[in-house]
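Colleague: Take a look at this one; I'll ask things after.
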Amino acid sequence: MDDFIRSKISSNIQLELIFAVAFCLVLALVAYNITFNLTRKVTEHKFISYEQGIYDISSSANDIAERMLNDLRYKEESEITEEMRLNVRYPSENNPEMKQFDLTTAMNNLIEDFSRTTTLKVIVTDLEGNIRYKTANVNERAIDVFDVIKSVYDVDYYNSGNTSNEAVTERTFVYPMNFLKEDIYLIIRDTPVADIQTSSTYSYNSSLSIFVGFLFFVIGFMVITRNKMDYIQELSNTVRIISTGNLKYTAPVKGNDELTELAKSINIMARDIDERIEEERNLERTKQELITNVSHDLRTPLTSIIGYLGLAKSSGITEAQRSDYLQIAYAKAESLKDLISELFEYTKLQSSDNKPSLTTVNLRDLLDQLVEEMIPMAEEQNLTIEKSFTNKDTLLSVDVPQIVRLFENLISNAIKYSHTKTPILVRVFSADQQGYLTVTVENSIDSISDEDIAKMFERFYRLEKSRSSETGGSGLGLAIAESIVNNHHGKIQATKKDEHTLVISVKLPALII
């Protein structure tokens, strides 16, 4: 699982950046907290507080009052319910042997049990303010109950923390209740005891902590992404070098993320551009060669035509001579016309706009008819043409006029350049495992080198160096044949069967039905 997560992160720049940012945020947060704590300053303040003293008085008063109301020792058995017995907080509250019905004894017990201070003053009066009980530290002989109630502080006021650090005077708590079957007022007084307390104030340098956290984030991000940034710079340098024309320079391929794909795309782009430029150079070179060759081959017959026409215009020749000159000029013009036609056809086949118009044909039947049409041409050279066709179907999807021109060129070349009277052999083989139909044309030849065979399909190349457009072909027949085969996604090649037999093989994709 760990390897899977690592591979996913390393193959996606977005995930890498998210991981880098998350890691740097954690690093920045840790640095912030450490710096924040290191810059902490503690300032202590001492002050006088009465909160605890007031709380002790309030707690003692509440406990005494509650005990007087709920302690079962101060109630008749007839008054005690089962619920009251179940809700007692202390075992002594429900001890029948400790029954107390004397006010003085009861109050002494309560003060002894619950007083949190030794200076607590407890007074019990009747409704008219007559003191029924008081502790020894109480000096009053009579109490004006209503005046005490009016000036008393509410217990909740003290418990809410609304006290100052100034000197606090005596506090009084009044509880009206029924105790030992009498309506009484329980008055509790005491002066809260002051104590010295210390408060600590903490101060932090948050600005420095934020700066350190930000600094760690930046440094961490730069360290984590350094390799990627260096790689991006390498790709940028590569593009700059390629833009200067150095298309052989390649971008380094590292990792397996989007930058890797970008590097591969840059290399593919540079290679494609280099190949296209090379193709354009080859095309330009071919164009120049074509212009040079065409100029030479056109100039020779044209010069002859002009020469013979000039002679025909002379006044010092006989009519028979003039007729011969015109006949020769006409023949030269016909040759020139054929050369221009072949040149036009070759140029048209080389055009990228030339798309074959495909039709389904049986190659065996097409060649059978074509060979029959070319037998008279062979007989003029005292040659024969033999056929060897497969019995299987030989269906192709081809441009019929182009395929006819292809095999016309091959058979006519075999007729023109046969060295002996050995029959020309045309064979058709059934489709091979790769799905190609093969047609071969064999004819006899004089000695031929491997270099000549390799150059046979070049424009204006002639096997017999002594031949020119006047004495031989245009040198475009096999080049046209090769262009037609390439347009049909086929293959053409020339090989020697033996020292005196040349075989030209054409492979065309068969139509599978």
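How things are named: the first chain in the structure tokens is A, the next is B, and so on; residues count from 1 in each chain; ligands count from 1 in the order shown.
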Using only C-alpha atoms, tabulate the residues of region 365-429 of chain A lying at most 8 Å from any atom of region 440-453 of chain A, each with its closest atom pair and that distance in Å to one decimal, by chain and increasing residue number, as JSON lines.

Modeller:
```
{"residue": "A:Leu410", "atom": "CA", "partner": "A:Val441", "partner_atom": "CA", "distance": 7.1}
{"residue": "A:Ile411", "atom": "CA", "partner": "A:Val441", "partner_atom": "CA", "distance": 7.0}
{"residue": "A:Ala414", "atom": "CA", "partner": "A:Asn443", "partner_atom": "CA", "distance": 5.6}
{"residue": "A:Ile415", "atom": "CA", "partner": "A:Asn443", "partner_atom": "CA", "distance": 7.8}
{"residue": "A:Tyr417", "atom": "CA", "partner": "A:Ile445", "partner_atom": "CA", "distance": 7.0}
{"residue": "A:Ser418", "atom": "CA", "partner": "A:Ser444", "partner_atom": "CA", "distance": 5.0}
{"residue": "A:His419", "atom": "CA", "partner": "A:Ile445", "partner_atom": "CA", "distance": 4.7}
{"residue": "A:Thr420", "atom": "CA", "partner": "A:Ser444", "partner_atom": "CA", "distance": 6.0}
{"residue": "A:Lys421", "atom": "CA", "partner": "A:Ser444", "partner_atom": "CA", "distance": 7.9}
{"residue": "A:Thr422", "atom": "CA", "partner": "A:Ser444", "partner_atom": "CA", "distance": 6.3}
{"residue": "A:Pro423", "atom": "CA", "partner": "A:Asn443", "partner_atom": "CA", "distance": 7.1}
{"residue": "A:Ile424", "atom": "CA", "partner": "A:Asn443", "partner_atom": "CA", "distance": 4.9}
{"residue": "A:Leu425", "atom": "CA", "partner": "A:Glu442", "partner_atom": "CA", "distance": 5.1}
{"residue": "A:Val426", "atom": "CA", "partner": "A:Val441", "partner_atom": "CA", "distance": 4.7}
{"residue": "A:Arg427", "atom": "CA", "partner": "A:Thr440", "partner_atom": "CA", "distance": 5.2}
{"residue": "A:Val428", "atom": "CA", "partner": "A:Thr440", "partner_atom": "CA", "distance": 6.7}
```

Colleague: For the residues in the current selection, export N, CA, C and O atoms as a PDB file, in the first residue's frame.

Modeller:
```pdb
ATOM      1  N   LEU A 410       6.464  -2.015 -66.087  1.00  0.00           N
ATOM      2  CA  LEU A 410       7.360  -3.124 -65.763  1.00  0.00           C
ATOM      3  C   LEU A 410       7.529  -4.060 -66.959  1.00  0.00           C
ATOM      4  O   LEU A 410       8.659  -4.488 -67.287  1.00  0.00           O
ATOM      5  N   ILE A 411       6.423  -4.398 -67.633  1.00  0.00           N
ATOM      6  CA  ILE A 411       6.512  -5.340 -68.759  1.00  0.00           C
ATOM      7  C   ILE A 411       7.206  -4.681 -69.950  1.00  0.00           C
ATOM      8  O   ILE A 411       8.043  -5.297 -70.627  1.00  0.00           O
ATOM      9  N   ALA A 414      10.828  -4.659 -69.371  1.00  0.00           N
ATOM     10  CA  ALA A 414      11.387  -5.998 -69.591  1.00  0.00           C
ATOM     11  C   ALA A 414      11.563  -6.264 -71.087  1.00  0.00           C
ATOM     12  O   ALA A 414      12.552  -6.884 -71.509  1.00  0.00           O
ATOM     13  N   ILE A 415      10.586  -5.794 -71.889  1.00  0.00           N
ATOM     14  CA  ILE A 415      10.693  -5.986 -73.345  1.00  0.00           C
ATOM     15  C   ILE A 415      11.857  -5.177 -73.901  1.00  0.00           C
ATOM     16  O   ILE A 415      12.657  -5.671 -74.705  1.00  0.00           O
ATOM     17  N   TYR A 417      14.582  -4.003 -72.444  1.00  0.00           N
ATOM     18  CA  TYR A 417      15.943  -4.246 -71.952  1.00  0.00           C
ATOM     19  C   TYR A 417      16.304  -5.731 -71.854  1.00  0.00           C
ATOM     20  O   TYR A 417      17.315  -6.074 -71.237  1.00  0.00           O
ATOM     21  N   SER A 418      15.459  -6.618 -72.408  1.00  0.00           N
ATOM     22  CA  SER A 418      15.837  -8.044 -72.419  1.00  0.00           C
ATOM     23  C   SER A 418      17.094  -8.223 -73.265  1.00  0.00           C
ATOM     24  O   SER A 418      17.169  -7.748 -74.414  1.00  0.00           O
ATOM     25  N   HIS A 419      18.071  -8.950 -72.707  1.00  0.00           N
ATOM     26  CA  HIS A 419      19.365  -9.081 -73.381  1.00  0.00           C
ATOM     27  C   HIS A 419      19.371 -10.241 -74.379  1.00  0.00           C
ATOM     28  O   HIS A 419      20.074 -10.216 -75.389  1.00  0.00           O
ATOM     29  N   THR A 420      18.610 -11.271 -74.078  1.00  0.00           N
ATOM     30  CA  THR A 420      18.519 -12.425 -74.978  1.00  0.00           C
ATOM     31  C   THR A 420      17.062 -12.659 -75.341  1.00  0.00           C
ATOM     32  O   THR A 420      16.184 -11.907 -74.918  1.00  0.00           O
ATOM     33  N   LYS A 421      16.819 -13.703 -76.127  1.00  0.00           N
ATOM     34  CA  LYS A 421      15.465 -14.016 -76.545  1.00  0.00           C
ATOM     35  C   LYS A 421      14.739 -14.898 -75.531  1.00  0.00           C
ATOM     36  O   LYS A 421      13.692 -15.461 -75.833  1.00  0.00           O
ATOM     37  N   THR A 422      15.263 -14.971 -74.327  1.00  0.00           N
ATOM     38  CA  THR A 422      14.609 -15.742 -73.276  1.00  0.00           C
ATOM     39  C   THR A 422      13.241 -15.147 -72.996  1.00  0.00           C
ATOM     40  O   THR A 422      13.095 -13.929 -72.872  1.00  0.00           O
ATOM     41  N   PRO A 423      12.204 -15.971 -72.889  1.00  0.00           N
ATOM     42  CA  PRO A 423      10.855 -15.442 -72.670  1.00  0.00           C
ATOM     43  C   PRO A 423      10.777 -14.608 -71.377  1.00  0.00           C
ATOM     44  O   PRO A 423      11.442 -14.893 -70.380  1.00  0.00           O
ATOM     45  N   ILE A 424       9.937 -13.602 -71.442  1.00  0.00           N
ATOM     46  CA  ILE A 424       9.643 -12.783 -70.240  1.00  0.00           C
ATOM     47  C   ILE A 424       8.574 -13.535 -69.453  1.00  0.00           C
ATOM     48  O   ILE A 424       7.554 -13.958 -70.010  1.00  0.00           O
ATOM     49  N   LEU A 425       8.793 -13.704 -68.132  1.00  0.00           N
ATOM     50  CA  LEU A 425       7.878 -14.488 -67.291  1.00  0.00           C
ATOM     51  C   LEU A 425       7.151 -13.566 -66.317  1.00  0.00           C
ATOM     52  O   LEU A 425       7.779 -12.846 -65.540  1.00  0.00           O
ATOM     53  N   VAL A 426       5.819 -13.603 -66.378  1.00  0.00           N
ATOM     54  CA  VAL A 426       4.971 -12.821 -65.449  1.00  0.00           C
ATOM     55  C   VAL A 426       4.268 -13.813 -64.534  1.00  0.00           C
ATOM     56  O   VAL A 426       3.523 -14.690 -65.010  1.00  0.00           O
ATOM     57  N   ARG A 427       4.466 -13.674 -63.217  1.00  0.00           N
ATOM     58  CA  ARG A 427       3.885 -14.610 -62.247  1.00  0.00           C
ATOM     59  C   ARG A 427       2.999 -13.861 -61.252  1.00  0.00           C
ATOM     60  O   ARG A 427       3.315 -12.735 -60.871  1.00  0.00           O
ATOM     61  N   VAL A 428       1.927 -14.532 -60.848  1.00  0.00           N
ATOM     62  CA  VAL A 428       1.037 -13.998 -59.799  1.00  0.00           C
ATOM     63  C   VAL A 428       0.934 -15.058 -58.711  1.00  0.00           C
ATOM     64  O   VAL A 428       0.532 -16.203 -58.984  1.00  0.00           O
TER      65      VAL A 428
END
```

Colleague: Near region 68-77 of chain A, counting only C-alpha atoms, which residues have an atom at most 12 Å away, once you skip same-chain residues fewer than 5 positions from it, shown as number ranges by chain?

Modeller: A: 61-63, 82-103, 105-111, 113-114, 124, 175-186

Colleague: Quick one: pick out all strand (DSSP E or B) residues within region 65-252 of chain A from a backbone DSSP run and write them as a ChimeraX atom specification.

Modeller: /A:121-125,130-134,142,171-179,182-190,195-203

Colleague: Choose the residue, out of A:Ile232, A:Ile188, A:Val122, A:Leu476, that has the smallest atom-to-atom separation from Val152 (chain A); count only C-alpha atoms.

Modeller: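 Going through A:Ile232, A:Ile188, A:Val122, A:Leu476 one by one, the smallest distance to Val152 (chain A) is for A:Ile188.
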
Colleague: Quick check, in Å to one decimal: how far apart do CA of Ala333 (chain A) and CA of Ile317 (chain A) lie?

Modeller: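 Spanning CA of Ala333 (chain A) to CA of Ile317 (chain A) is a straight-line distance of 21.9 Å.
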
Colleague: What does the structure give for the distance between CA of Ile306 (chain A) and CA of Ser341 (chain A), in Å to one decimal?

Modeller: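 So the two atoms, CA of Ile306 (chain A) and CA of Ser341 (chain A), lie 20.3 Å apart.
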
Colleague: Find, counting only C-alpha atoms, the residue in A:Leu383, A:Ala329, A:Asn486, A:Cys24 that gets nearest to Ile224 (chain A).

Modeller: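 Looking only at the distances to Ile224 (chain A), the closest residue turns out to be A:Cys24.
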
Colleague: Apply DSSP to the backbone of this structure and, from region 15-186 of chain A, keep only the residues in alpha helix (DSSP H); write these as a PyMOL selection string.

Modeller: chain A and resi 15-38+51-70+82-86+103-114+145-151+155-159

Colleague: Would you export the selected residues with C-alpha atoms as an mmCIF file, in the first residue's frame, please?

Modeller:
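Result written to out_38.cif:
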```cif
data_model
loop_
_atom_site.group_PDB
_atom_site.id
_atom_site.type_symbol
_atom_site.label_atom_id
_atom_site.label_comp_id
_atom_site.auth_asym_id
_atom_site.auth_seq_id
_atom_site.Cartn_x
_atom_site.Cartn_y
_atom_site.Cartn_z
ATOM 1 C CA LEU A 15 -0.324 15.377 -5.626
ATOM 2 C CA GLU A 16 3.380 16.128 -5.187
ATOM 3 C CA LEU A 17 2.638 19.824 -4.648
ATOM 4 C CA ILE A 18 -0.230 19.042 -2.247
ATOM 5 C CA PHE A 19 2.058 16.761 -0.262
ATOM 6 C CA ALA A 20 4.835 19.359 -0.289
ATOM 7 C CA VAL A 21 2.505 22.157 0.882
ATOM 8 C CA ALA A 22 0.981 19.952 3.610
ATOM 9 C CA PHE A 23 4.418 18.911 4.879
ATOM 10 C CA CYS A 24 5.669 22.509 4.863
ATOM 11 C CA LEU A 25 2.556 23.704 6.718
ATOM 12 C CA VAL A 26 3.175 21.108 9.441
ATOM 13 C CA LEU A 27 6.835 22.133 9.579
ATOM 14 C CA ALA A 28 5.863 25.821 9.792
ATOM 15 C CA LEU A 29 3.324 25.094 12.561
ATOM 16 C CA VAL A 30 5.920 23.190 14.610
ATOM 17 C CA ALA A 31 8.444 26.004 14.145
ATOM 18 C CA TYR A 32 5.790 28.572 15.111
ATOM 19 C CA ASN A 33 4.854 26.715 18.313
ATOM 20 C CA ILE A 34 8.478 26.199 19.351
ATOM 21 C CA THR A 35 9.342 29.858 18.747
ATOM 22 C CA PHE A 36 6.117 30.977 20.443
ATOM 23 C CA ASN A 37 6.982 29.023 23.594
ATOM 24 C CA LEU A 38 10.639 30.081 23.570
ATOM 25 C CA GLU A 51 -12.639 35.733 47.798
ATOM 26 C CA GLN A 52 -11.648 32.655 49.766
ATOM 27 C CA GLY A 53 -12.669 34.251 53.108
ATOM 28 C CA ILE A 54 -16.079 35.237 51.750
ATOM 29 C CA TYR A 55 -16.491 31.791 50.264
ATOM 30 C CA ASP A 56 -15.722 30.139 53.634
ATOM 31 C CA ILE A 57 -18.304 32.330 55.407
ATOM 32 C CA SER A 58 -20.921 31.669 52.731
ATOM 33 C CA SER A 59 -20.270 27.912 52.797
ATOM 34 C CA SER A 60 -20.517 27.750 56.618
ATOM 35 C CA ALA A 61 -23.768 29.745 56.608
ATOM 36 C CA ASN A 62 -25.310 27.559 53.888
ATOM 37 C CA ASP A 63 -24.271 24.336 55.578
ATOM 38 C CA ILE A 64 -25.649 25.392 58.998
ATOM 39 C CA ALA A 65 -28.939 26.550 57.483
ATOM 40 C CA GLU A 66 -29.357 23.412 55.416
ATOM 41 C CA ARG A 67 -28.552 21.171 58.388
ATOM 42 C CA MET A 68 -31.068 22.967 60.573
ATOM 43 C CA LEU A 69 -33.764 22.389 57.963
ATOM 44 C CA ASN A 70 -32.925 18.783 57.002
ATOM 45 C CA GLU A 82 -39.584 7.732 54.218
ATOM 46 C CA GLU A 83 -38.355 10.066 51.478
ATOM 47 C CA MET A 84 -36.601 12.237 54.074
ATOM 48 C CA ARG A 85 -34.840 9.166 55.496
ATOM 49 C CA LEU A 86 -33.663 8.147 52.016
ATOM 50 C CA LEU A 103 -31.871 25.033 70.789
ATOM 51 C CA THR A 104 -28.550 25.765 72.497
ATOM 52 C CA THR A 105 -27.307 22.187 72.259
ATOM 53 C CA ALA A 106 -28.482 21.935 68.656
ATOM 54 C CA MET A 107 -26.718 25.143 67.595
ATOM 55 C CA ASN A 108 -23.506 24.138 69.339
ATOM 56 C CA ASN A 109 -23.537 20.846 67.451
ATOM 57 C CA LEU A 110 -24.159 22.585 64.123
ATOM 58 C CA ILE A 111 -21.445 25.204 64.588
ATOM 59 C CA GLU A 112 -18.997 22.537 65.698
ATOM 60 C CA ASP A 113 -19.742 20.412 62.634
ATOM 61 C CA PHE A 114 -19.826 23.060 59.918
ATOM 62 C CA VAL A 145 -34.347 42.063 62.363
ATOM 63 C CA PHE A 146 -35.767 44.326 59.640
ATOM 64 C CA ASP A 147 -32.803 46.669 59.743
ATOM 65 C CA VAL A 148 -30.451 43.676 59.437
ATOM 66 C CA ILE A 149 -32.414 42.266 56.499
ATOM 67 C CA LYS A 150 -32.392 45.655 54.730
ATOM 68 C CA SER A 151 -28.610 46.065 54.981
ATOM 69 C CA VAL A 155 -25.225 35.419 49.328
ATOM 70 C CA ASP A 156 -25.227 35.077 45.531
ATOM 71 C CA TYR A 157 -23.551 38.481 45.199
ATOM 72 C CA TYR A 158 -20.483 37.202 47.024
ATOM 73 C CA ASN A 159 -20.451 33.916 45.182
#
```

Colleague: Please determine, counting only C-alpha atoms, which residue among A:Thr118, A:Thr201, A:Ser412, A:Asn487 has the shortest atom-to-atom distance to Ala136 (chain A).

Modeller: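 The answer is A:Thr118, which sits nearest to Ala136 (chain A).
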
Colleague: How many Å separate CA of Thr191 (chain A) from CA of Ile48 (chain A)?

Modeller: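 Separation of CA of Thr191 (chain A) and CA of Ile48 (chain A): 14.7 Å.
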
Colleague: Name all residues at most 10 Å from region 244-261 of chain A (count only C-alpha atoms; drop same-chain ones fewer than 4 positions away) and give them as a PyMOL selection string.

Modeller: chain A and resi 7-14+16+228+231-232+234-240+265-275+277

Colleague: Pick out the residues sitting within 7 Å of Lys41 (chain A), and hand them over as a short mmCIF file (atom, residue, chain, number, x, y, z; two decimals) with C-alpha atoms, in the first residue's frame; count only C-alpha atoms, and ignore anything fewer than 3 positions along from it in its own chain.

Modeller:
```cif
data_model
loop_
_atom_site.label_atom_id
_atom_site.label_comp_id
_atom_site.auth_asym_id
_atom_site.auth_seq_id
_atom_site.Cartn_x
_atom_site.Cartn_y
_atom_site.Cartn_z
CA TYR A 202 2.17 35.58 29.97
CA SER A 203 3.42 37.56 26.97
CA TYR A 204 4.59 36.14 23.63
#
```

Colleague: When you count only C-alpha atoms, which of these residues is closest to Arg171 (chain A): A:Thr119, A:Thr347, A:Gln288, A:Thr303?

Modeller: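 Closest residue, counting only C-alpha atoms: A:Thr119.
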
Colleague: Determine, counting only C-alpha atoms, which protein, DNA and RNA residues have an atom within 8 Å of an atom of region 138-140 of chain A; residues of the same chain fewer than 4 positions away are not included. Present the result as a list in words.

Modeller: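 That gives Lys121, Val122, Ile123 and Lys134 of chain A.
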